[in-house]
file protein34.cif (mmCIF, C-alpha atoms)
data_start
#
loop_
_atom_site.group_PDB
_atom_site.id
_atom_site.type_symbol
_atom_site.label_atom_id
_atom_site.label_comp_id
_atom_site.auth_asym_id
_atom_site.auth_seq_id
_atom_site.Cartn_x
_atom_site.Cartn_y
_atom_site.Cartn_z
ATOM 1 C CA MET I 1 0.000 0.000 0.000
ATOM 2 C CA ASN I 2 1.475 3.351 -1.013
ATOM 3 C CA LEU I 3 1.450 6.558 1.035
ATOM 4 C CA LYS I 4 -1.470 8.057 -0.875
ATOM 5 C CA GLU I 5 -3.599 5.004 -0.082
ATOM 6 C CA LYS I 6 -2.552 5.098 3.569
ATOM 7 C CA LEU I 7 -3.496 8.771 3.821
ATOM 8 C CA ALA I 8 -6.903 7.996 2.330
ATOM 9 C CA GLN I 9 -7.547 5.483 5.118
ATOM 10 C CA LYS I 10 -7.130 8.278 7.706
ATOM 11 C CA LYS I 11 -5.385 5.986 10.169
ATOM 12 C CA PRO I 12 -2.632 7.545 12.333
ATOM 13 C CA LEU I 13 0.670 7.863 10.483
ATOM 14 C CA LEU I 14 3.946 8.983 12.044
ATOM 15 C CA GLY I 15 6.750 10.754 10.259
ATOM 16 C CA THR I 16 9.519 13.216 10.966
ATOM 17 C CA PHE I 17 11.252 16.148 9.311
ATOM 18 C CA ILE I 18 14.777 15.823 7.975
ATOM 19 C CA LYS I 19 16.794 19.029 8.180
ATOM 20 C CA SER I 20 20.228 17.687 7.227
ATOM 21 C CA THR I 21 21.002 17.751 3.520
ATOM 22 C CA HIS I 22 23.474 14.868 3.614
ATOM 23 C CA PHE I 23 21.839 11.616 2.599
ATOM 24 C CA HIS I 24 23.210 9.656 5.554
ATOM 25 C CA ASN I 25 20.577 10.985 7.955
ATOM 26 C CA THR I 26 17.812 10.040 5.543
ATOM 27 C CA GLU I 27 19.375 6.633 4.980
ATOM 28 C CA VAL I 28 19.623 5.945 8.719
ATOM 29 C CA LEU I 29 16.017 6.998 9.387
ATOM 30 C CA ALA I 30 14.857 4.903 6.443
ATOM 31 C CA HIS I 31 15.775 1.880 8.586
ATOM 32 C CA THR I 32 13.175 2.844 11.221
ATOM 33 C CA ASN I 33 9.488 1.958 11.350
ATOM 34 C CA LEU I 34 8.392 5.544 10.703
ATOM 35 C CA ASP I 35 5.628 5.759 8.103
ATOM 36 C CA VAL I 36 7.138 8.656 6.156
ATOM 37 C CA LEU I 37 10.112 11.010 6.061
ATOM 38 C CA CYS I 38 9.754 14.680 5.107
ATOM 39 C CA LEU I 39 12.745 16.470 3.596
ATOM 40 C CA ASP I 40 12.392 20.071 4.739
ATOM 41 C CA ALA I 41 13.498 22.033 1.681
ATOM 42 C CA GLU I 42 11.542 25.037 2.969
ATOM 43 C CA HIS I 43 13.653 25.635 6.073
ATOM 44 C CA ALA I 44 16.867 23.715 5.345
ATOM 45 C CA PRO I 45 19.403 24.270 2.517
ATOM 46 C CA PHE I 46 18.380 21.447 0.174
ATOM 47 C CA ASP I 47 19.228 21.929 -3.493
ATOM 48 C CA ARG I 48 18.114 19.601 -6.279
ATOM 49 C CA GLY I 49 21.213 17.437 -5.883
ATOM 50 C CA ASP I 50 20.548 17.050 -2.163
ATOM 51 C CA LEU I 51 16.940 16.076 -2.793
ATOM 52 C CA ASP I 52 18.075 13.591 -5.422
ATOM 53 C CA THR I 53 20.477 11.736 -3.116
ATOM 54 C CA CYS I 54 18.224 11.896 -0.049
ATOM 55 C CA ILE I 55 15.233 10.557 -1.968
ATOM 56 C CA LEU I 56 17.442 7.778 -3.336
ATOM 57 C CA ALA I 57 18.533 6.993 0.236
ATOM 58 C CA ALA I 58 14.904 6.719 1.363
ATOM 59 C CA ARG I 59 13.973 4.578 -1.606
ATOM 60 C CA SER I 60 16.858 2.202 -0.843
ATOM 61 C CA LYS I 61 14.669 0.906 2.000
ATOM 62 C CA GLN I 62 11.333 1.577 0.245
ATOM 63 C CA LYS I 63 10.613 4.307 2.799
ATOM 64 C CA PRO I 64 7.948 6.809 1.700
ATOM 65 C CA VAL I 65 9.414 10.292 1.416
ATOM 66 C CA VAL I 66 7.808 13.677 0.789
ATOM 67 C CA VAL I 67 9.392 17.081 0.308
ATOM 68 C CA ARG I 68 8.276 20.272 1.996
ATOM 69 C CA ILE I 69 9.105 22.648 -0.806
ATOM 70 C CA PRO I 70 9.948 26.358 -0.413
ATOM 71 C CA ASP I 71 7.296 27.598 -2.863
ATOM 72 C CA SER I 72 4.631 26.384 -5.280
ATOM 73 C CA GLU I 73 6.367 27.235 -8.555
ATOM 74 C CA ASN I 74 6.167 24.700 -11.388
ATOM 75 C CA SER I 75 9.909 24.046 -11.399
ATOM 76 C CA THR I 76 10.017 23.504 -7.640
ATOM 77 C CA LEU I 77 7.209 20.955 -7.716
ATOM 78 C CA LEU I 78 8.690 19.285 -10.790
ATOM 79 C CA ASN I 79 12.140 18.915 -9.191
ATOM 80 C CA ALA I 80 10.757 17.127 -6.145
ATOM 81 C CA LEU I 81 8.428 14.807 -8.030
ATOM 82 C CA ASP I 82 10.800 13.938 -10.892
ATOM 83 C CA THR I 83 13.476 12.849 -8.435
ATOM 84 C CA GLY I 84 11.018 10.328 -7.037
ATOM 85 C CA ALA I 85 9.346 11.900 -3.999
ATOM 86 C CA ASP I 86 6.037 10.306 -3.044
ATOM 87 C CA GLY I 87 4.555 13.748 -2.644
ATOM 88 C CA VAL I 88 4.998 17.360 -1.684
ATOM 89 C CA VAL I 89 4.060 19.525 1.282
ATOM 90 C CA ILE I 90 3.247 22.989 -0.039
ATOM 91 C CA PRO I 91 3.606 25.889 2.415
ATOM 92 C CA HIS I 92 1.323 28.922 2.643
ATOM 93 C CA VAL I 93 -1.681 27.658 0.683
ATOM 94 C CA LEU I 94 -4.037 30.614 0.980
ATOM 95 C CA ASN I 95 -7.314 29.806 -0.771
ATOM 96 C CA ALA I 96 -9.150 27.293 -2.937
ATOM 97 C CA GLU I 97 -7.915 28.735 -6.240
ATOM 98 C CA HIS I 98 -4.330 28.568 -5.040
ATOM 99 C CA ALA I 99 -4.909 24.949 -4.006
ATOM 100 C CA ARG I 100 -6.415 24.072 -7.389
ATOM 101 C CA GLN I 101 -3.436 25.572 -9.217
ATOM 102 C CA ILE I 102 -1.052 23.529 -7.086
ATOM 103 C CA VAL I 103 -2.911 20.292 -7.762
ATOM 104 C CA LYS I 104 -2.789 20.963 -11.494
ATOM 105 C CA LYS I 105 0.988 21.510 -11.353
ATOM 106 C CA CYS I 106 1.525 18.167 -9.604
ATOM 107 C CA PHE I 107 -0.142 16.049 -12.279
ATOM 108 C CA PHE I 108 0.506 15.514 -15.964
ATOM 109 C CA GLY I 109 -1.895 17.270 -18.291
ATOM 110 C CA PRO I 110 -2.728 20.688 -19.788
ATOM 111 C CA GLU I 111 -0.994 23.473 -17.830
ATOM 112 C CA GLY I 112 0.228 20.796 -15.445
ATOM 113 C CA ARG I 113 3.395 18.900 -14.687
ATOM 114 C CA GLY I 114 5.838 18.707 -17.574
ATOM 115 C CA TYR I 115 6.539 15.184 -18.767
ATOM 116 C CA ALA I 116 9.911 13.484 -19.117
ATOM 117 C CA GLY I 117 10.540 9.764 -19.326
ATOM 118 C CA SER I 118 14.176 10.054 -18.294
ATOM 119 C CA THR I 119 13.616 10.743 -14.588
ATOM 120 C CA ARG I 120 13.853 8.485 -11.525
ATOM 121 C CA PHE I 121 10.069 8.765 -11.235
ATOM 122 C CA ALA I 122 9.779 7.343 -14.757
ATOM 123 C CA GLY I 123 12.324 4.587 -14.187
ATOM 124 C CA TYR I 124 14.920 6.298 -16.365
ATOM 125 C CA THR I 125 12.971 5.467 -19.587
ATOM 126 C CA THR I 126 12.277 1.866 -18.487
ATOM 127 C CA ASN I 127 8.626 2.617 -17.665
ATOM 128 C CA LYS I 128 6.142 3.192 -20.440
ATOM 129 C CA LEU I 129 4.088 6.364 -20.729
ATOM 130 C CA PRO I 130 0.792 4.753 -19.582
ATOM 131 C CA GLU I 131 2.555 3.385 -16.472
ATOM 132 C CA ASN I 132 3.917 6.810 -15.581
ATOM 133 C CA LEU I 133 0.573 8.523 -16.074
ATOM 134 C CA LEU I 134 -1.104 5.946 -13.845
ATOM 135 C CA ALA I 135 1.599 6.182 -11.187
ATOM 136 C CA ASN I 136 1.324 9.970 -11.141
ATOM 137 C CA LYS I 137 -2.429 9.717 -10.657
ATOM 138 C CA ASN I 138 -2.417 6.948 -8.058
ATOM 139 C CA GLU I 139 0.746 7.642 -6.058
ATOM 140 C CA THR I 140 1.482 11.385 -5.964
ATOM 141 C CA CYS I 141 0.482 12.964 -2.645
ATOM 142 C CA VAL I 142 -0.428 16.645 -2.431
ATOM 143 C CA ILE I 143 -0.320 18.029 1.109
ATOM 144 C CA ALA I 144 -1.474 21.626 1.582
ATOM 145 C CA GLN I 145 0.026 23.433 4.554
ATOM 146 C CA ILE I 146 -2.294 25.904 6.268
ATOM 147 C CA GLU I 147 -0.418 28.527 8.266
ATOM 148 C CA ASP I 148 -1.899 31.940 7.419
ATOM 149 C CA LEU I 149 -4.975 33.701 8.763
ATOM 150 C CA GLU I 150 -6.332 34.085 5.233
ATOM 151 C CA ALA I 151 -6.133 30.317 4.806
ATOM 152 C CA VAL I 152 -7.963 29.729 8.091
ATOM 153 C CA ASP I 153 -10.750 32.011 6.860
ATOM 154 C CA ASN I 154 -10.907 30.010 3.606
ATOM 155 C CA ILE I 155 -10.452 26.564 5.113
ATOM 156 C CA ASP I 156 -13.888 25.202 4.168
ATOM 157 C CA GLU I 157 -13.311 26.041 0.507
ATOM 158 C CA ILE I 158 -9.749 24.667 0.547
ATOM 159 C CA CYS I 159 -10.949 21.386 2.054
ATOM 160 C CA GLN I 160 -13.288 20.903 -0.897
ATOM 161 C CA VAL I 161 -10.539 21.086 -3.538
ATOM 162 C CA GLU I 162 -10.229 17.735 -5.304
ATOM 163 C CA GLY I 163 -6.710 16.362 -5.443
ATOM 164 C CA ILE I 164 -5.555 17.604 -2.049
ATOM 165 C CA ASP I 165 -4.701 14.460 -0.087
ATOM 166 C CA CYS I 166 -4.101 16.136 3.248
ATOM 167 C CA ILE I 167 -4.434 19.480 5.011
ATOM 168 C CA PHE I 168 -1.351 20.014 7.169
ATOM 169 C CA ILE I 169 -1.506 22.583 9.973
ATOM 170 C CA GLY I 170 1.527 24.833 10.264
ATOM 171 C CA ARG I 171 0.977 25.694 13.883
ATOM 172 C CA MET I 172 4.123 27.711 14.499
ATOM 173 C CA ASP I 173 3.439 30.050 11.591
ATOM 174 C CA LEU I 174 -0.143 30.388 12.793
ATOM 175 C CA THR I 175 1.215 31.311 16.208
ATOM 176 C CA VAL I 176 3.345 34.073 14.682
ATOM 177 C CA ALA I 177 0.492 35.223 12.435
ATOM 178 C CA LEU I 178 -1.696 35.602 15.513
ATOM 179 C CA LYS I 179 1.082 37.645 17.172
ATOM 180 C CA GLN I 180 1.606 35.060 19.882
ATOM 181 C CA THR I 181 4.718 33.367 21.241
ATOM 182 C CA ASP I 182 2.988 30.356 22.781
ATOM 183 C CA ALA I 183 1.732 27.690 20.356
ATOM 184 C CA SER I 184 -0.828 26.684 23.011
ATOM 185 C CA HIS I 185 -2.340 30.157 23.315
ATOM 186 C CA PRO I 186 -6.174 30.028 23.154
ATOM 187 C CA SER I 187 -6.282 31.978 19.882
ATOM 188 C CA VAL I 188 -3.868 29.502 18.278
ATOM 189 C CA MET I 189 -5.783 26.501 19.579
ATOM 190 C CA GLU I 190 -9.010 28.016 18.271
ATOM 191 C CA ALA I 191 -7.514 28.340 14.783
ATOM 192 C CA VAL I 192 -6.150 24.794 14.871
ATOM 193 C CA GLU I 193 -9.475 23.393 16.014
ATOM 194 C CA LYS I 194 -11.288 25.290 13.251
ATOM 195 C CA ILE I 195 -9.063 23.615 10.662
ATOM 196 C CA VAL I 196 -9.493 20.166 12.221
ATOM 197 C CA ILE I 197 -13.282 20.565 12.328
ATOM 198 C CA ALA I 198 -13.380 21.697 8.683
ATOM 199 C CA CYS I 199 -11.314 18.680 7.613
ATOM 200 C CA LYS I 200 -13.684 16.330 9.414
ATOM 201 C CA LYS I 201 -16.723 18.090 7.955
ATOM 202 C CA HIS I 202 -15.441 17.709 4.392
ATOM 203 C CA ASN I 203 -13.893 14.252 4.907
ATOM 204 C CA LYS I 204 -10.405 15.585 4.247
ATOM 205 C CA ASN I 205 -7.343 14.070 5.841
ATOM 206 C CA CYS I 206 -5.689 16.324 8.432
ATOM 207 C CA GLY I 207 -2.089 16.431 9.620
ATOM 208 C CA MET I 208 -0.026 18.538 11.983
ATOM 209 C CA PHE I 209 3.223 19.104 13.801
ATOM 210 C CA VAL I 210 2.891 18.908 17.583
ATOM 211 C CA GLY I 211 5.633 20.316 19.786
ATOM 212 C CA ASP I 212 4.198 19.060 23.071
ATOM 213 C CA LEU I 213 3.626 15.332 22.599
ATOM 214 C CA ILE I 214 1.260 15.218 25.564
ATOM 215 C CA GLU I 215 -1.330 16.650 23.143
ATOM 216 C CA LEU I 216 -1.221 13.654 20.802
ATOM 217 C CA PRO I 217 -4.198 11.701 22.235
ATOM 218 C CA ARG I 218 -6.369 14.806 21.927
ATOM 219 C CA TRP I 219 -5.646 15.301 18.238
ATOM 220 C CA ILE I 220 -5.796 11.616 17.342
ATOM 221 C CA LYS I 221 -9.223 11.470 18.974
ATOM 222 C CA ALA I 222 -10.230 14.567 16.969
ATOM 223 C CA GLY I 223 -9.422 12.743 13.732
ATOM 224 C CA VAL I 224 -5.953 14.056 12.880
ATOM 225 C CA SER I 225 -4.079 11.242 11.189
ATOM 226 C CA LEU I 226 -0.738 12.494 9.802
ATOM 227 C CA PHE I 227 1.827 13.563 12.374
ATOM 228 C CA LEU I 228 5.225 14.897 11.330
ATOM 229 C CA LEU I 229 7.017 15.168 14.666
ATOM 230 C CA SER I 230 10.496 16.239 15.702
ATOM 231 C CA SER I 231 13.394 15.988 13.225
ATOM 232 C CA ASP I 232 16.787 14.418 12.727
ATOM 233 C CA HIS I 233 18.238 17.458 14.514
ATOM 234 C CA GLY I 234 15.765 16.941 17.355
ATOM 235 C CA PHE I 235 16.758 13.303 17.689
ATOM 236 C CA MET I 236 20.453 14.216 17.928
ATOM 237 C CA LEU I 237 19.831 16.911 20.531
ATOM 238 C CA SER I 238 17.466 14.830 22.650
ATOM 239 C CA GLY I 239 19.743 11.792 22.382
ATOM 240 C CA ALA I 240 22.727 13.835 23.503
ATOM 241 C CA ALA I 241 20.736 15.357 26.355
ATOM 242 C CA GLN I 242 19.578 11.907 27.479
ATOM 243 C CA LEU I 243 23.141 10.568 27.338
ATOM 244 C CA GLU I 244 24.411 13.530 29.361
ATOM 245 C CA GLN I 245 21.673 13.020 31.940
ATOM 246 C CA THR I 246 22.439 9.302 32.226
ATOM 247 C CA PHE I 247 26.145 10.027 32.566
ATOM 248 C CA SER I 248 25.556 12.675 35.245
ATOM 249 C CA HIS I 249 23.339 10.234 37.131
ATOM 250 C CA ALA I 250 26.084 7.593 36.926
ATOM 251 C CA ILE I 251 28.600 10.038 38.431
ATOM 252 C CA GLU I 252 26.234 10.763 41.323
ATOM 253 C CA GLN I 253 25.650 7.050 41.863
ATOM 254 C CA SER I 254 29.415 6.399 41.927
ATOM 255 C CA LYS I 255 29.811 8.811 44.843
ATOM 256 C CA LYS I 256 27.527 6.822 47.103
#

call {"tool": "encode", "arguments": {"input": "protein34.cif", "output": "structure tokens"}}
result
Amino acid sequence: MNLKEKLAQKKPLLGTFIKSTHFHNTEVLAHTNLDVLCLDAEHAPFDRGDLDTCILAARSKQKPVVVRIPDSENSTLLNALDTGADGVVIPHVLNAEHARQIVKKCFFGPEGRGYAGSTRFAGYTTNKLPENLLANKNETCVIAQIEDLEAVDNIDEICQVEGIDCIFIGRMDLTVALKQTDASHPSVMEAVEKIVIACKKHNKNCGMFVGDLIELPRWIKAGVSLFLLSSDHGFMLSGAAQLEQTFSHAIEQSKK
């Protein structure tokens, strides 16, 4: 079952962001049981070569991988999908028309994704045109990130756009947009809940990043099913902190 099919089932899926452009981090995390990896090309310095090698690293273990791209330009979407990403996370989707334009750019057809049979996606010319068209239709995931007040106001219309596989809540940007510094501020929670309710109303998959993991049961119960949590950087920092704590405890124990 591919990622698009799993998203459609709306069962809880766990992934993480990858901030390091070297493929080793992606390769290591591809050995885990995470459902998906997200290369963060919006906030980390990924170029096309980095995406190419990191996607190859994920595919070496058949690990689903999506790319959070920096913008919704045709070339940006094309780069991620041609190199073999299972889908894209598009930041700052503002309204239904914007969402429709993005969907069109992700799929082959008039005014849509440009076709080439020489890409990794196309099996480097080993796949036939009908196979590639079918794979694009049945496997490409389009994840719209909602993180602006305009988007919150338009969320019902965005949720009704065909071709959007998941609405992903950019909670930190919403926090900033609402002029807050606490992602748990009531105004932020109200905006998040409005998005979650709209997704449920229109039978649209919903995803989010959660900083405080104690909230997870609440959002799973509310119907959120895609969670991109922490990052490779976060794992290194928390692992180091845990090691330091264990070592400090061992020193204290040795003094007794």

call {"tool": "resolve_selection", "arguments": {"input": "protein34.cif", "expression": "the PyMOL selection byres ((chain I and resi 189-198) around 9)", "output": "ChimeraX atom specification"}}
result
/I:146,149,152,155-156,159,167,169-171,174,183-188,199-204,206-207,219,222-224

call {"tool": "resolve_selection", "arguments": {"input": "protein34.cif", "expression": "the PyMOL selection byres ((chain I and resi 53-61) around 6)", "output": "PyMOL selection string"}}
result
chain I and resi 23+26-27+30+50-52+62-63

call {"tool": "axis_aligned_box", "arguments": {"input": "protein34.cif", "around": "segment 129-145 of chain I", "padding_each_side": "4 Å", "output": "lines of an AutoDock Vina configuration file"}}
result
center_x = 0.8
center_y = 13.4
center_z = -8.1
size_x = 14.5
size_y = 28.0
size_z = 33.3

call {"tool": "resolve_selection", "arguments": {"input": "protein34.cif", "expression": "the PyMOL selection byres ((chain I and resi 33-35) around 8)", "output": "ChimeraX atom specification"}}
result
/I:13-16,29-32,36-37,63-64

call {"tool": "residues_around", "arguments": {"input": "protein34.cif", "residues": "Thr119 of chain I", "least_positions_apart": "6", "cutoff": "9 Å", "atoms": "only C-alpha atoms", "output": "list in words"}}
result
Asp82, Thr83, Gly84 and Thr125 of chain I

call {"tool": "closest_residue", "arguments": {"input": "protein34.cif", "among": "I:Ala85, I:Leu77, I:Leu3, I:Val93", "to": "Glu147 of chain I", "atoms": "only C-alpha atoms"}}
result
I:Val93

call {"tool": "residues_around", "arguments": {"input": "protein34.cif", "residues": "Ala96 of chain I", "least_positions_apart": "4", "cutoff": "10 Å", "atoms": "all atoms listed in the file", "output": "PDB file with C-alpha atoms, in the coordinates of the input"}}
result
ATOM      1  CA  ARG I 100      -6.415  24.072  -7.389  1.00  0.00           C
ATOM      2  CA  GLN I 101      -3.436  25.572  -9.217  1.00  0.00           C
ATOM      3  CA  ILE I 102      -1.052  23.529  -7.086  1.00  0.00           C
ATOM      4  CA  ALA I 151      -6.133  30.317   4.806  1.00  0.00           C
ATOM      5  CA  ASN I 154     -10.907  30.010   3.606  1.00  0.00           C
ATOM      6  CA  ILE I 155     -10.452  26.564   5.113  1.00  0.00           C
ATOM      7  CA  ASP I 156     -13.888  25.202   4.168  1.00  0.00           C
ATOM      8  CA  GLU I 157     -13.311  26.041   0.507  1.00  0.00           C
ATOM      9  CA  ILE I 158      -9.749  24.667   0.547  1.00  0.00           C
ATOM     10  CA  CYS I 159     -10.949  21.386   2.054  1.00  0.00           C
ATOM     11  CA  GLN I 160     -13.288  20.903  -0.897  1.00  0.00           C
ATOM     12  CA  VAL I 161     -10.539  21.086  -3.538  1.00  0.00           C
ATOM     13  CA  GLU I 162     -10.229  17.735  -5.304  1.00  0.00           C
TER      14      GLU I 162
END

call {"tool": "residues_near_point", "arguments": {"input": "protein34.cif", "point": "(-3.8, 10.8, 2.0)", "cutoff": "9 Å", "atoms": "only C-alpha atoms", "output": "NGL selection string"}}
result
:I and (3-10 or 141-143 or 164-166 or 204-206 or 226)

call {"tool": "closest_residue", "arguments": {"input": "protein34.cif", "among": "I:Lys256, I:His24, I:Arg113, I:His92", "to": "Asp173 of chain I", "atoms": "only C-alpha atoms"}}
result
I:His92

call {"tool": "atom_distance", "arguments": {"input": "protein34.cif", "atom1": "atom CA of Ala135 of chain I", "atom2": "atom CA of Ala122 of chain I"}}
result
9.0 Å

call {"tool": "atom_distance", "arguments": {"input": "protein34.cif", "atom1": "atom CA of Val89 of chain I", "atom2": "atom CA of Leu229 of chain I"}}
result
14.4 Å

call {"tool": "residues_around", "arguments": {"input": "protein34.cif", "residues": "Asn136 of chain I", "least_positions_apart": "3", "cutoff": "8 Å", "atoms": "all atoms listed in the file", "output": "compact mmCIF listing (two decimals) with C-alpha atoms, keeping the file's coordinate frame"}}
result
# COMPACT_ATOMS: atom_id res chain seq x y z
CA PHE I 107 -0.14 16.05 -12.28
CA PHE I 108 0.51 15.51 -15.96
CA ASN I 132 3.92 6.81 -15.58
CA LEU I 133 0.57 8.52 -16.07
CA GLU I 139 0.75 7.64 -6.06
CA THR I 140 1.48 11.38 -5.96

call {"tool": "atom_distance", "arguments": {"input": "protein34.cif", "atom1": "atom CA of Glu42 of chain I", "atom2": "atom CA of Thr21 of chain I"}}
result
12.0 Å

call {"tool": "residues_around", "arguments": {"input": "protein34.cif", "residues": "Val67 of chain I", "least_positions_apart": "6", "cutoff": "7 Å", "atoms": "only C-alpha atoms", "output": "list in words"}}
result
Cys38, Leu39, Asp40, Ala41, Ala80, Ala85, Gly87, Val88 and Val89 of chain I

call {"tool": "closest_residue", "arguments": {"input": "protein34.cif", "among": "I:Ile18, I:Asp182, I:Gly117, I:Glu215", "to": "Glu131 of chain I", "atoms": "all atoms listed in the file"}}
result
I:Gly117

call {"tool": "closest_residue", "arguments": {"input": "protein34.cif", "among": "I:Ser248, I:Ser231, I:Thr126, I:Ser72", "to": "Ala44 of chain I", "atoms": "all atoms listed in the file"}}
result
I:Ser231
